[in-house]
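J.: I have a structure here, written as structure tokens, and I will follow up with some questions on it.
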Amino acid sequence: MSDRESMLPDPAPGWQIVFDAYQPDDEPRREAILALGNGVFVTRAALIDSRQDALHYPGTYRAGCYDRVVNTIAGEQDETESLVNLPNWLPLDFRIDSGPWWRLDEVRILQYTQLLDLRTGIMRREVLAQDDAGRRTRLCEERLVSMADARLCGLRLTLTPVDWSGEVAFRAWLDAGVVNAGVKRFEDYQQRHLHILGRRSDGAASMLEVRTSDGGAQIALAQRLRLVLPAEAAPAVEDKRDPTARLLQVHAREGMPVAVEKLVALCSSLDPGERPPSQAAQRALQDATGFADLLASHRQAWNKLWEAVALEPANPPLARALRFHAFHILQAVSPHSAARDAGIPARGWHEGYHGHVFWDELFVLPFLNFRFPDLARDMLMYRWRRLPAARNAARAAGLRGAMYPWRSAGDGREVTPRHQKNLLNGQWMRDHTYLQRHIGSAIAFNIWHYHLATGDEDFLVRYGAEMMLEIARFWASIAQPSADGDRYEICGVIGPDEYHNAYPWRSTPGLDNNAYTNLMAVWTLCRAREMLDDLPAAHRHRLTARLGIGTDELSLWERISRRMTVRFHGDGIISQFEGFERLAEFHPEMLPASLSAQRTDWALNAIGKRVDAYQVTKQADVLALFYLLDEETVIGLLQRLGYAFDHDAILRTARYYLPRTVHRSSLSRIVYGGALARLDPGLSWDLYQHALETDLNPLKGESVAEGIHLGAMGGTIDILQRRYLGIAATPAGLAVDPAPPPGLGDVRMRLRFRGRLLEVAAEARTVTIRSCAGNGKDTVVLHRGQSFVLSPGASISLPAAVSPGPEGRP
């Protein structure tokens with residue numbers, strides 16, 4: 001059954017995710033996509049009466065709370081950092097007349113609705129069920145993770161007897177028995193990451209304290225349970241078997257609702273402030289007056305966020321998908337994230353990829369830059385604080401500058417595991433993806449575009465410039481003269497594709513002259529020089545003197561940026577890496593029917609072959625250049641290097657790689673869709689629509705259950721504003737050159753550009769930009785070589801580009 005078949009009509013079009021049936025097999029995915037968070041911690045949408053088992057996986061994760069453990073994998077010692085599954089704060093169940101404790105999986109479900117309201121950040125579950133005694137009971141659960149107070153979360157359970165009366169006992173507790181078991185291929189890693197420090201009861205509240213096994217963090221949870229309907233009921237009492245458990249008993253009458261609320265405070269030693277976590281949690285719980293007040297302030301906080309998002313497509317399915325994506329971004333990165341030193345994880349704050357930070361900020365920051373610039377700055381500060389570690393990594397490799405890790409976690413060391421498990425045959429495959437050095441260019445790209453969008457000179461002068469210079473210095477260090485001395489090469493690296501870790505004819509890992517890596521290195525060297533020239537003279541001199549950057553080094557950067565190697569083959573097609581065309585052609589029929597739907601790298605490994613030997617890519621690689629940079633910029637970079645390249649060559653390159661790409665990454669269709677926005681709008685729109693449903697499609701259940709795809713979520717918004725509406729920050733002003741695909745429809749949004757609030761309306765192949773009357777300065781708008789000055793209160797309408805004909809289709 002598809003989501004569209006199983007979902008009720010949305011009572012608030014574009015604002016709700018609604019399921020009208022309980023499907024146990026789909027619970028793991030729903031627990032991820034309906035999870036609630038506030039930028040500090042995230043809780044999966046597990047049932048309140050569930051435990052970790054084959055159907056359910058309660059999970060609560062604190063941003064940046066990792067545990068470093070030495071595991072034995074494939075016979076080798078491997079130190080791994082994993083995001084920790086914290087104690088489960090949800091448990092709340094009940095029983096009737098001393099009967100068994102009620103569990104949803106053990107009763108007959110007559111009616112079921114589960115709803116996530118994106119506007120308010122509330123998850124609601126309504127159930128009508130019949131137990132073994134024939135009694136029918138109606139339940140309504142409302143749950144939140146407070147966006148108003150980052151320490152608090154809570155739920156309210158309303159029970160209504162339909163055809164019975166009797167004594168009802170409610171039980172709530174804090175479960176410290178959880179482990180990290182949410183990803184099957186990590187089952188050989190240590191799963192228990194928590195040590196219990198203490199459980200205690202303090203009057204109406206109970207407390208649980210734990211620490212991570214490496215001692216890096218302490219976490220405290222404080223719980224309060226109380227009856228709100230009927231109001232005259234007795235207070236909760238302690239369950240002697242578990243000091244964290246609270247019990248409430250009440251007489252329920254047929255047709256009369258009984259409501260209990262459970263409030264929990266979660267605090268950690270990672271939070272800013274001097275108070276120990278136990279005291280902080282206790283104080284937070286004391287300050288919380290009740291679920292109703294917490295709900296009201298939570299709604300107000302979300303209203304404020306949505307006012308800043310202001311993303312209003314006229315198409316309800318498109319609006320729903322984009323709001324769903326913005327919602328999850330803001331649950332991972334919110335105003336509460338400041339000073340908590342956590343980056344943007346690839347799978348949100350879930351267990352997928354151990355909760356590590358990759359390059360996904362590349363796709364998320366464009367959303368933040370134009371709406372929440374302070375949050376974007378905070379995310380870039382995560383990289384700044386890890387600059388010393390990046391410098392150490394470069395020195396250890398015999399290089400200069402800053403070599404940022406492909407996968408980052410707590411302190412900025414490389415945390416890519418050495419192996420990945422093939423679940424088809426149980427074998428461990430060596431993982432060399434830490435060689436994706438292109439992460440440095442992604443960080444430089446983010447710094448540059450944050451500055452263009454915000455005009456934040458303070459950040460550039462104090463932090464951004466130094467990071468960019470050190471990344472440029474790294475590229476100049478790793479680039480080596482070619483054998484003939486005519487060009488420079490970057491060897492022994494891996495591109496975004498990831499299926500290709502090594503040459504089949506070479507024993508050492510890494511590839512030579514990956515086009516994406518080399519051209520983004522050139523882009524970084526050029527932007528670093530441009531940024532250095534634009535810095536105030538006094539700061540430029542101080543910075544270059546402190547870093548020891550002299551004219552000889554800058555001359556080297558200039559030389560490399562004009563003589564970097566890019567390989568081509570066939571009819572001017574950019575080679576993904578040197579020798580790609582020498583690999584064997586891949587044909588799906590090479591695989592047994594039983595493996596045809598499996599991951600290509602695993603399937604080939606299972607039959608004794610290596611994916612490295614074939615022309616098949618996991619995700620977009622070369623085309624990532626045309627996603628990040630416009631066509632003219634890429635052509636200009638190639639011409640700077642002395643290579644002839646034009647728009648027809650872009651199409652030939654796209655035609656070559658599309659059939660060789662299996663899209664096993666959620667980012668792949670995002671990249672292709674953005675890259676082809678002007679070359680083939682129809683195909684771009686098809687790919688984009690597929691990407692919109694990445695997490696909402698039930699066919700992706702197993703993957704989504706491990707965590708949402710945060711980069712793809714940000715990418716859908718980036719494509720809309722930068723590719724389809726053609727809005728981009730440039731040094732000279734805000735460029736607007738729309739190219740909407742067929743099917744997009746009208747779109748309204750609000751953006752912040754260098755402190756000015758702008759309203760955008762796309763209608764009938766025209767984009768209108770209005771500068772809000774309260775703006776204190778004019779805004780320069782650029783359109784196809786023309787420059788317009790937009791004063792506060794004024795607006796300008798700009799036509800869309802003419803779409804290419806069907807002959808442009810790759």
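Starting from 1 in every chain, residues are counted up; chains themselves are A, B, ... following the order of the structure tokens, and ligands are numbered from 1 as listed.
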Identify, on the basis of only C-alpha atoms, every residue whose closest approach to A:Arg748 does not exceed 12 Å; exclude the query and any residue fewer than 5 positions from it along the same chain; express the result as a VMD selection string.
T.: chain A and resid 309 to 315 319 720 to 721 725 758 to 763 766 to 770
J.: Could you list, as a list in words, every residue within 7 Å of A:Ala150, counting only C-alpha atoms and ignoring same-chain residues fewer than 4 positions away?
T.: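 Contacts, with the query itself left out: Asn38, Val40, Ser146 and His336 of chain A.
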J.: Include C-alpha atoms and write out the residues we just selected as a PDB file, in the first residue's frame.
T.:
ATOM      1  CA  ASN A  38      14.310  21.152  18.567  1.00  0.00           C
ATOM      2  CA  VAL A  40      19.244  20.039  20.616  1.00  0.00           C
ATOM      3  CA  SER A 146       9.699  21.856  22.874  1.00  0.00           C
ATOM      4  CA  HIS A 336      18.831  26.467  20.194  1.00  0.00           C
TER       5      HIS A 336
END
J.: Using Å and a single decimal, report how far atom CA of A:Arg119 sits from atom CA of A:Leu104.
T.: 27.5 Å
J.: Within 8 Å of A:Arg765, counting only C-alpha atoms, which residues show up once you throw out same-chain ones fewer than 3 positions away? Write them as a list in words, please.
T.: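 Returned residues: Pro738, Ala739, Pro740, Ala762, Pro799 and Ala800 of chain A.
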J.: Could you tell me how far atom CA of A:Trp602 lies from atom CA of A:Asn422, in Å and to one decimal?
T.: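 It comes out at 5.6 Å.
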J.: Using only C-alpha atoms, which protein or nucleic acid residues come within 7 Å of stretch 219-228 of chain A? Drop anything in the same chain fewer than 6 positions from it, and give the result as a count of residues only.
T.: 27
J.: One decimal, in Å: what's the spacing between atom CA of A:Gly426 and atom CA of A:Tyr61?
T.: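 Atom-to-atom, atom CA of A:Gly426 and atom CA of A:Tyr61 are spaced 28.3 Å apart.
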J.: Hey, what's within 12 Å of A:Phe788 if we count only C-alpha atoms and toss same-chain stuff fewer than 3 positions away? As a VMD selection string, please?
T.: chain A and resid 732 to 736 769 778 to 785 791 794 to 798
J.: As a VMD selection string, list the residues of stretch 570-760 of chain A assigned to strand (DSSP E or B) by DSSP on the backbone atoms of this structure.
T.: chain A and resid 573 to 574 584 614 617 661 727 to 730 733 to 736 747 to 753 756 to 760
J.: Could you save those same residues with N, CA and C atoms as a PDB file, in the first residue's frame?
T.:
ATOM      1  N   ILE A 573      33.949  14.472 -23.652  1.00  0.00           N
ATOM      2  CA  ILE A 573      33.267  14.182 -22.396  1.00  0.00           C
ATOM      3  C   ILE A 573      34.270  14.286 -21.250  1.00  0.00           C
ATOM      4  N   ILE A 574      33.887  14.970 -20.190  1.00  0.00           N
ATOM      5  CA  ILE A 574      34.766  15.067 -19.021  1.00  0.00           C
ATOM      6  C   ILE A 574      34.872  13.688 -18.379  1.00  0.00           C
ATOM      7  N   ALA A 584      35.377  -1.604 -17.541  1.00  0.00           N
ATOM      8  CA  ALA A 584      34.430  -2.415 -18.312  1.00  0.00           C
ATOM      9  C   ALA A 584      33.026  -1.822 -18.209  1.00  0.00           C
ATOM     10  N   TYR A 614      34.044  -1.408 -13.027  1.00  0.00           N
ATOM     11  CA  TYR A 614      32.985  -1.157 -13.994  1.00  0.00           C
ATOM     12  C   TYR A 614      32.601   0.322 -14.065  1.00  0.00           C
ATOM     13  N   THR A 617      28.257   4.198 -11.462  1.00  0.00           N
ATOM     14  CA  THR A 617      28.488   5.123 -10.355  1.00  0.00           C
ATOM     15  C   THR A 617      27.316   5.102  -9.387  1.00  0.00           C
ATOM     16  N   THR A 661      24.597   5.799 -13.908  1.00  0.00           N
ATOM     17  CA  THR A 661      24.385   6.170 -12.508  1.00  0.00           C
ATOM     18  C   THR A 661      23.178   5.425 -11.959  1.00  0.00           C
ATOM     19  N   ILE A 727      17.653  32.536  -8.275  1.00  0.00           N
ATOM     20  CA  ILE A 727      18.061  33.535  -7.295  1.00  0.00           C
ATOM     21  C   ILE A 727      19.397  33.116  -6.682  1.00  0.00           C
ATOM     22  N   ALA A 728      20.394  33.965  -6.810  1.00  0.00           N
ATOM     23  CA  ALA A 728      21.720  33.652  -6.285  1.00  0.00           C
ATOM     24  C   ALA A 728      22.419  34.927  -5.842  1.00  0.00           C
ATOM     25  N   ALA A 729      23.161  34.812  -4.754  1.00  0.00           N
ATOM     26  CA  ALA A 729      23.951  35.942  -4.258  1.00  0.00           C
ATOM     27  C   ALA A 729      25.260  36.021  -5.030  1.00  0.00           C
ATOM     28  N   THR A 730      25.619  37.209  -5.464  1.00  0.00           N
ATOM     29  CA  THR A 730      26.886  37.434  -6.164  1.00  0.00           C
ATOM     30  C   THR A 730      27.586  38.620  -5.510  1.00  0.00           C
ATOM     31  N   GLY A 733      25.614  41.831  -6.259  1.00  0.00           N
ATOM     32  CA  GLY A 733      24.224  41.975  -5.861  1.00  0.00           C
ATOM     33  C   GLY A 733      23.485  40.660  -5.963  1.00  0.00           C
ATOM     34  N   LEU A 734      22.164  40.737  -5.946  1.00  0.00           N
ATOM     35  CA  LEU A 734      21.326  39.539  -6.022  1.00  0.00           C
ATOM     36  C   LEU A 734      20.989  39.263  -7.480  1.00  0.00           C
ATOM     37  N   ALA A 735      21.498  38.139  -8.003  1.00  0.00           N
ATOM     38  CA  ALA A 735      21.198  37.759  -9.377  1.00  0.00           C
ATOM     39  C   ALA A 735      19.864  37.034  -9.421  1.00  0.00           C
ATOM     40  N   VAL A 736      19.041  37.384 -10.412  1.00  0.00           N
ATOM     41  CA  VAL A 736      17.735  36.752 -10.595  1.00  0.00           C
ATOM     42  C   VAL A 736      17.583  36.420 -12.071  1.00  0.00           C
ATOM     43  N   VAL A 747       4.816  30.228  -7.018  1.00  0.00           N
ATOM     44  CA  VAL A 747       5.550  30.077  -5.763  1.00  0.00           C
ATOM     45  C   VAL A 747       5.747  31.454  -5.144  1.00  0.00           C
ATOM     46  N   ARG A 748       5.547  31.520  -3.850  1.00  0.00           N
ATOM     47  CA  ARG A 748       5.879  32.734  -3.093  1.00  0.00           C
ATOM     48  C   ARG A 748       6.825  32.363  -1.963  1.00  0.00           C
ATOM     49  N   MET A 749       7.786  33.229  -1.706  1.00  0.00           N
ATOM     50  CA  MET A 749       8.696  33.012  -0.596  1.00  0.00           C
ATOM     51  C   MET A 749       9.244  34.337  -0.121  1.00  0.00           C
ATOM     52  N   ARG A 750       9.887  34.295   1.025  1.00  0.00           N
ATOM     53  CA  ARG A 750      10.511  35.476   1.596  1.00  0.00           C
ATOM     54  C   ARG A 750      11.973  35.141   1.873  1.00  0.00           C
ATOM     55  N   LEU A 751      12.877  36.060   1.511  1.00  0.00           N
ATOM     56  CA  LEU A 751      14.303  35.850   1.686  1.00  0.00           C
ATOM     57  C   LEU A 751      14.939  37.037   2.391  1.00  0.00           C
ATOM     58  N   ARG A 752      16.065  36.758   3.030  1.00  0.00           N
ATOM     59  CA  ARG A 752      16.897  37.826   3.584  1.00  0.00           C
ATOM     60  C   ARG A 752      18.196  37.868   2.795  1.00  0.00           C
ATOM     61  N   PHE A 753      18.515  39.042   2.276  1.00  0.00           N
ATOM     62  CA  PHE A 753      19.740  39.210   1.508  1.00  0.00           C
ATOM     63  C   PHE A 753      20.497  40.404   2.070  1.00  0.00           C
ATOM     64  N   ARG A 756      18.478  42.764   4.103  1.00  0.00           N
ATOM     65  CA  ARG A 756      17.220  43.251   3.521  1.00  0.00           C
ATOM     66  C   ARG A 756      16.224  42.106   3.416  1.00  0.00           C
ATOM     67  N   LEU A 757      14.974  42.397   3.737  1.00  0.00           N
ATOM     68  CA  LEU A 757      13.911  41.419   3.606  1.00  0.00           C
ATOM     69  C   LEU A 757      13.263  41.585   2.238  1.00  0.00           C
ATOM     70  N   LEU A 758      13.251  40.504   1.458  1.00  0.00           N
ATOM     71  CA  LEU A 758      12.720  40.532   0.098  1.00  0.00           C
ATOM     72  C   LEU A 758      11.586  39.535  -0.038  1.00  0.00           C
ATOM     73  N   GLU A 759      10.549  39.923  -0.757  1.00  0.00           N
ATOM     74  CA  GLU A 759       9.447  39.018  -1.062  1.00  0.00           C
ATOM     75  C   GLU A 759       9.525  38.616  -2.529  1.00  0.00           C
ATOM     76  N   VAL A 760       9.382  37.324  -2.779  1.00  0.00           N
ATOM     77  CA  VAL A 760       9.537  36.766  -4.117  1.00  0.00           C
ATOM     78  C   VAL A 760       8.219  36.139  -4.536  1.00  0.00           C
TER      79      VAL A 760
END
J.: Residues near stretch 649-654 of chain A, anyone? I mean within 10 Å using only C-alpha atoms, not counting same-chain ones fewer than 5 positions away, as a PyMOL selection string.
T.: chain A and resi 568-576+620+622-623+626+631+634-635+644+659+672+675-676+679-680+808-810
J.: Grab the residues selected above and save them as a PDB file, in the first residue's frame with N, CA and C atoms.
T.:
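Contents of the output file out_14.pdb:
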ATOM      1  N   PHE A 568      39.642  14.137 -20.447  1.00  0.00           N
ATOM      2  CA  PHE A 568      38.473  14.004 -21.308  1.00  0.00           C
ATOM      3  C   PHE A 568      38.595  12.696 -22.091  1.00  0.00           C
ATOM      4  N   HIS A 569      37.474  12.208 -22.577  1.00  0.00           N
ATOM      5  CA  HIS A 569      37.501  11.062 -23.469  1.00  0.00           C
ATOM      6  C   HIS A 569      36.328  11.164 -24.438  1.00  0.00           C
ATOM      7  N   GLY A 570      36.372  10.348 -25.474  1.00  0.00           N
ATOM      8  CA  GLY A 570      35.297  10.361 -26.459  1.00  0.00           C
ATOM      9  C   GLY A 570      35.172  11.709 -27.116  1.00  0.00           C
ATOM     10  N   ASP A 571      33.948  12.156 -27.266  1.00  0.00           N
ATOM     11  CA  ASP A 571      33.660  13.405 -27.959  1.00  0.00           C
ATOM     12  C   ASP A 571      33.644  14.572 -26.962  1.00  0.00           C
ATOM     13  N   GLY A 572      34.780  14.813 -26.317  1.00  0.00           N
ATOM     14  CA  GLY A 572      34.883  15.936 -25.386  1.00  0.00           C
ATOM     15  C   GLY A 572      34.161  15.730 -24.077  1.00  0.00           C
ATOM     16  N   ILE A 573      33.949  14.472 -23.652  1.00  0.00           N
ATOM     17  CA  ILE A 573      33.267  14.182 -22.396  1.00  0.00           C
ATOM     18  C   ILE A 573      34.270  14.286 -21.250  1.00  0.00           C
ATOM     19  N   ILE A 574      33.887  14.970 -20.190  1.00  0.00           N
ATOM     20  CA  ILE A 574      34.766  15.067 -19.021  1.00  0.00           C
ATOM     21  C   ILE A 574      34.872  13.688 -18.379  1.00  0.00           C
ATOM     22  N   SER A 575      36.077  13.204 -18.183  1.00  0.00           N
ATOM     23  CA  SER A 575      36.280  11.920 -17.520  1.00  0.00           C
ATOM     24  C   SER A 575      36.095  12.087 -16.020  1.00  0.00           C
ATOM     25  N   GLN A 576      35.265  11.231 -15.444  1.00  0.00           N
ATOM     26  CA  GLN A 576      35.039  11.307 -13.995  1.00  0.00           C
ATOM     27  C   GLN A 576      36.362  11.268 -13.248  1.00  0.00           C
ATOM     28  N   ALA A 620      25.722  11.012  -8.697  1.00  0.00           N
ATOM     29  CA  ALA A 620      26.297  12.040  -9.568  1.00  0.00           C
ATOM     30  C   ALA A 620      27.675  12.438  -9.066  1.00  0.00           C
ATOM     31  N   VAL A 622      30.677  13.921 -11.785  1.00  0.00           N
ATOM     32  CA  VAL A 622      31.035  15.035 -12.670  1.00  0.00           C
ATOM     33  C   VAL A 622      29.944  16.086 -12.674  1.00  0.00           C
ATOM     34  N   LEU A 623      28.680  15.641 -12.715  1.00  0.00           N
ATOM     35  CA  LEU A 623      27.570  16.601 -12.821  1.00  0.00           C
ATOM     36  C   LEU A 623      27.401  17.432 -11.560  1.00  0.00           C
ATOM     37  N   PHE A 626      28.093  21.016 -12.153  1.00  0.00           N
ATOM     38  CA  PHE A 626      27.056  21.840 -12.778  1.00  0.00           C
ATOM     39  C   PHE A 626      25.855  22.038 -11.860  1.00  0.00           C
ATOM     40  N   GLU A 631      26.640  26.933 -15.537  1.00  0.00           N
ATOM     41  CA  GLU A 631      27.343  26.430 -16.715  1.00  0.00           C
ATOM     42  C   GLU A 631      28.479  27.351 -17.146  1.00  0.00           C
ATOM     43  N   VAL A 634      31.636  26.938 -14.934  1.00  0.00           N
ATOM     44  CA  VAL A 634      32.412  25.725 -15.212  1.00  0.00           C
ATOM     45  C   VAL A 634      33.152  25.862 -16.538  1.00  0.00           C
ATOM     46  N   ILE A 635      32.458  26.359 -17.547  1.00  0.00           N
ATOM     47  CA  ILE A 635      33.118  26.565 -18.846  1.00  0.00           C
ATOM     48  C   ILE A 635      34.284  27.533 -18.686  1.00  0.00           C
ATOM     49  N   ALA A 644      39.016  23.500 -24.242  1.00  0.00           N
ATOM     50  CA  ALA A 644      37.831  23.940 -24.972  1.00  0.00           C
ATOM     51  C   ALA A 644      36.623  23.158 -24.468  1.00  0.00           C
ATOM     52  N   PRO A 659      22.965   7.196 -17.784  1.00  0.00           N
ATOM     53  CA  PRO A 659      22.679   5.752 -17.787  1.00  0.00           C
ATOM     54  C   PRO A 659      23.677   4.927 -16.986  1.00  0.00           C
ATOM     55  N   TYR A 672      21.636  15.790 -10.175  1.00  0.00           N
ATOM     56  CA  TYR A 672      21.282  15.758 -11.590  1.00  0.00           C
ATOM     57  C   TYR A 672      20.135  16.716 -11.896  1.00  0.00           C
ATOM     58  N   ALA A 675      21.576  20.215 -11.912  1.00  0.00           N
ATOM     59  CA  ALA A 675      22.499  20.431 -13.021  1.00  0.00           C
ATOM     60  C   ALA A 675      21.777  20.557 -14.356  1.00  0.00           C
ATOM     61  N   LEU A 676      20.647  19.862 -14.504  1.00  0.00           N
ATOM     62  CA  LEU A 676      19.920  19.843 -15.777  1.00  0.00           C
ATOM     63  C   LEU A 676      18.769  20.844 -15.820  1.00  0.00           C
ATOM     64  N   LEU A 679      19.308  22.798 -18.954  1.00  0.00           N
ATOM     65  CA  LEU A 679      19.623  21.984 -20.129  1.00  0.00           C
ATOM     66  C   LEU A 679      18.439  21.128 -20.559  1.00  0.00           C
ATOM     67  N   ASP A 680      17.686  20.626 -19.604  1.00  0.00           N
ATOM     68  CA  ASP A 680      16.507  19.808 -19.889  1.00  0.00           C
ATOM     69  C   ASP A 680      15.514  19.976 -18.744  1.00  0.00           C
ATOM     70  N   GLY A 808      17.193  18.930 -26.536  1.00  0.00           N
ATOM     71  CA  GLY A 808      18.199  19.123 -25.497  1.00  0.00           C
ATOM     72  C   GLY A 808      18.197  18.024 -24.452  1.00  0.00           C
ATOM     73  N   ARG A 809      17.226  17.105 -24.547  1.00  0.00           N
ATOM     74  CA  ARG A 809      17.095  16.075 -23.522  1.00  0.00           C
ATOM     75  C   ARG A 809      18.253  15.079 -23.573  1.00  0.00           C
ATOM     76  N   PRO A 810      18.975  14.889 -22.447  1.00  0.00           N
ATOM     77  CA  PRO A 810      20.051  13.907 -22.426  1.00  0.00           C
ATOM     78  C   PRO A 810      19.499  12.501 -22.643  1.00  0.00           C
TER      79      PRO A 810
END
J.: Using DSSP on the backbone, list every residue of stretch 135-311 of chain A that comes out as alpha helix (DSSP H), and give them as JSON, numbers by chain.
T.: {"A": [277, 278, 279, 280, 281, 282, 283, 284, 285, 286, 287, 291, 292, 293, 294, 295, 296, 297, 298, 299, 300, 301, 302, 303, 304, 305, 306, 307, 308, 309]}
J.: Let me make sure I understand: among A:Gln190, A:Thr60, A:Gln249, A:Thr212, which one has the smallest atom-to-atom distance to A:Phe94 if we use only C-alpha atoms?
T.: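 Checking each of A:Gln190, A:Thr60, A:Gln249, A:Thr212 against A:Phe94, counting only C-alpha atoms, the winner is A:Gln249.
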J.: Would you mind telling me which residue in A:Leu696, A:Val704, A:Leu380, A:Ala393 lies nearest to A:Ala339 when using only C-alpha atoms?
T.: A:Leu380
J.: Using only C-alpha atoms for the distances, tell me which of A:Asp49, A:Arg124, A:Pro100, A:Glu187 is nearest to A:Val18.
T.: A:Arg124
